[in-house]
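Chemist: Here you go, this is model-v4.pdb (PDB, C-alpha atoms).
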```
ATOM      1  CA  MET J   1     -34.505  28.814-249.667
ATOM      2  CA  LYS J   2     -35.118  25.118-248.934
ATOM      3  CA  ILE J   3     -31.403  24.467-248.453
ATOM      4  CA  LYS J   4     -31.070  27.421-246.094
ATOM      5  CA  GLN J   5     -34.022  26.201-244.014
ATOM      6  CA  LEU J   6     -32.607  22.679-243.943
ATOM      7  CA  LEU J   7     -29.215  23.916-242.758
ATOM      8  CA  GLN J   8     -30.729  26.190-240.112
ATOM      9  CA  GLY J   9     -32.609  23.206-238.712
ATOM     10  CA  LEU J  10     -29.357  21.448-237.787
ATOM     11  CA  SER J  11     -27.906  21.629-234.270
ATOM     12  CA  PHE J  12     -25.380  24.089-232.865
ATOM     13  CA  LYS J  13     -22.831  21.286-232.440
ATOM     14  CA  THR J  14     -23.167  20.312-236.108
ATOM     15  CA  GLY J  15     -22.625  23.940-237.107
ATOM     16  CA  VAL J  16     -19.439  24.164-235.058
ATOM     17  CA  ILE J  17     -18.099  20.941-236.602
ATOM     18  CA  VAL J  18     -18.903  22.077-240.155
ATOM     19  CA  LEU J  19     -17.359  25.483-239.474
ATOM     20  CA  ALA J  20     -14.214  23.856-238.044
ATOM     21  CA  LEU J  21     -13.841  21.729-241.181
ATOM     22  CA  CYS J  22     -13.028  24.828-243.209
ATOM     23  CA  ILE J  23      -9.680  25.222-241.400
ATOM     24  CA  PRO J  24      -7.981  22.079-242.800
ATOM     25  CA  PHE J  25      -9.214  22.898-246.295
ATOM     26  CA  TYR J  26      -7.747  26.422-246.101
ATOM     27  CA  ILE J  27      -4.438  24.920-244.960
ATOM     28  CA  ILE J  28      -4.460  22.296-247.721
ATOM     29  CA  SER J  29      -5.380  24.865-250.384
ATOM     30  CA  PHE J  30      -2.207  26.832-249.715
ATOM     31  CA  ALA J  31       0.102  24.023-248.551
ATOM     32  CA  GLN J  32      -0.298  22.144-251.817
ATOM     33  CA  MET J  33       1.599  24.968-253.533
ATOM     34  CA  ALA J  34       4.805  23.427-252.141
ATOM     35  CA  LEU J  35       4.214  20.149-253.982
ATOM     36  CA  PRO J  36       6.405  19.400-257.021
ATOM     37  CA  ILE J  37       3.558  19.326-259.543
ATOM     38  CA  SER J  38       2.679  21.430-262.576
ATOM     39  CA  THR J  39       1.341  24.946-262.237
ATOM     40  CA  GLU J  40      -1.948  23.968-263.876
ATOM     41  CA  MET J  41      -2.489  21.174-261.361
ATOM     42  CA  LYS J  42      -1.659  23.522-258.475
ATOM     43  CA  GLY J  43      -4.251  25.970-259.775
ATOM     44  CA  MET J  44      -6.919  23.298-260.066
ATOM     45  CA  LEU J  45      -6.170  21.927-256.596
ATOM     46  CA  TRP J  46      -6.270  25.432-255.138
ATOM     47  CA  VAL J  47      -9.680  26.105-256.690
ATOM     48  CA  VAL J  48     -11.067  22.793-255.399
ATOM     49  CA  PHE J  49      -9.734  23.046-251.842
ATOM     50  CA  PHE J  50     -10.387  26.779-251.478
ATOM     51  CA  GLY J  51     -13.915  26.218-252.774
ATOM     52  CA  LEU J  52     -14.451  23.438-250.231
ATOM     53  CA  ALA J  53     -13.132  25.695-247.474
ATOM     54  CA  LYS J  54     -15.552  28.471-248.423
ATOM     55  CA  THR J  55     -18.425  25.981-248.715
ATOM     56  CA  PHE J  56     -17.804  24.639-245.214
ATOM     57  CA  GLN J  57     -17.343  28.170-243.868
ATOM     58  CA  TYR J  58     -20.619  29.535-245.226
ATOM     59  CA  GLY J  59     -22.462  26.291-244.513
ATOM     60  CA  GLY J  60     -21.307  26.358-240.887
ATOM     61  CA  LEU J  61     -22.270  29.993-240.495
ATOM     62  CA  THR J  62     -25.690  29.288-241.972
ATOM     63  CA  ILE J  63     -26.210  26.398-239.560
ATOM     64  CA  LEU J  64     -25.106  28.492-236.574
ATOM     65  CA  GLY J  65     -27.076  31.579-237.463
ATOM     66  CA  VAL J  66     -26.663  34.902-235.677
ATOM     67  CA  ASP J  67     -27.454  33.552-232.206
ATOM     68  CA  GLY J  68     -25.082  30.613-232.569
ATOM     69  CA  TRP J  69     -22.308  32.898-233.800
ATOM     70  CA  LYS J  70     -22.783  35.167-230.765
ATOM     71  CA  ARG J  71     -22.752  32.097-228.512
ATOM     72  CA  LEU J  72     -19.510  30.860-230.088
ATOM     73  CA  LYS J  73     -17.848  34.281-229.796
ATOM     74  CA  ALA J  74     -18.896  34.531-226.144
ATOM     75  CA  TYR J  75     -17.425  31.094-225.419
ATOM     76  CA  PHE J  76     -14.029  31.966-226.901
ATOM     77  CA  GLY J  77     -14.129  35.462-225.390
ATOM     78  CA  LYS J  78     -14.545  34.045-221.883
ATOM     79  CA  LYS J  79     -11.687  31.587-222.383
ATOM     80  CA  LYS J  80      -9.435  34.424-223.474
ATOM     81  CA  GLU J  81     -10.208  36.470-220.356
ATOM     82  CA  ILE J  82      -9.409  33.520-218.067
ATOM     83  CA  GLU J  83      -5.936  32.997-219.566
TER      84      GLU J  83
END
```
So that I can check it, write out the structure of this file as structure tokens.

Modeler:
Amino acid sequence: MKIKQLLQGLSFKTGVIVLALCIPFYIISFAQMALPISTEMKGMLWVVFFGLAKTFQYGGLTILGVDGWKRLKAYFGKKKEIE
């Protein structure tokens, strides 16, 4: 519970940055499959990068909280309507 309270004490901007960091790790976790390395190494790299992606995703969502998530959805929803 201490970690959750610590994360929830961080700012909205920090939450958005942490949440955005999950995107490159998702891309790397699957893009590395095209590398000419052994299957075992590909599996280990996938576990590491996919785990980092999930860690940043859940960490960012914890920092944002419910209100921050609604705020973020509203921001992108308004941009979509304008275009």

Chemist: Identify all residues satisfying the PyMOL selection byres ((chain J and resi 13) around 12) in the given file; provide them as a VMD selection string.

Modeler: chain J and resid 9 to 12 14 to 20 60 to 61 63 to 64 68 to 69 71 to 72

Chemist: Neighbours of stretch 41-54 of chain J within 12 Å (all atoms listed in the file; same-chain residues fewer than 3 positions away dropped), as a list in words?

Modeler: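 The neighbour list is Val18, Leu19, Ala20, Leu21, Cys22, Ile23, Pro24, Phe25, Tyr26, Ile27, Ile28, Ser29, Phe30, Ala31, Gln32, Met33, Ala34, Leu35, Pro36, Ile37, Ser38, Gln57, Tyr58, Gly59, Gly60 and Leu61 of chain J.
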
Chemist: Between J:Thr62, J:Phe56, J:Lys78, J:Glu40, single out the one closest to J:Gln8, counting only C-alpha atoms.

Modeler: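 Once distances to J:Gln8 are computed over only C-alpha atoms, the minimum belongs to J:Thr62.
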
Chemist: Centre and edge lengths of an axis-aligned box around all listed atoms of stretch 39-44 of chain J, with 6 Å added on each side, are to be given in Å to one decimal, as JSON.

Modeler:
```
{"center_x": -2.8, "center_y": 23.6, "center_z": -261.2, "size_x": 20.3, "size_y": 16.8, "size_z": 17.4}
```
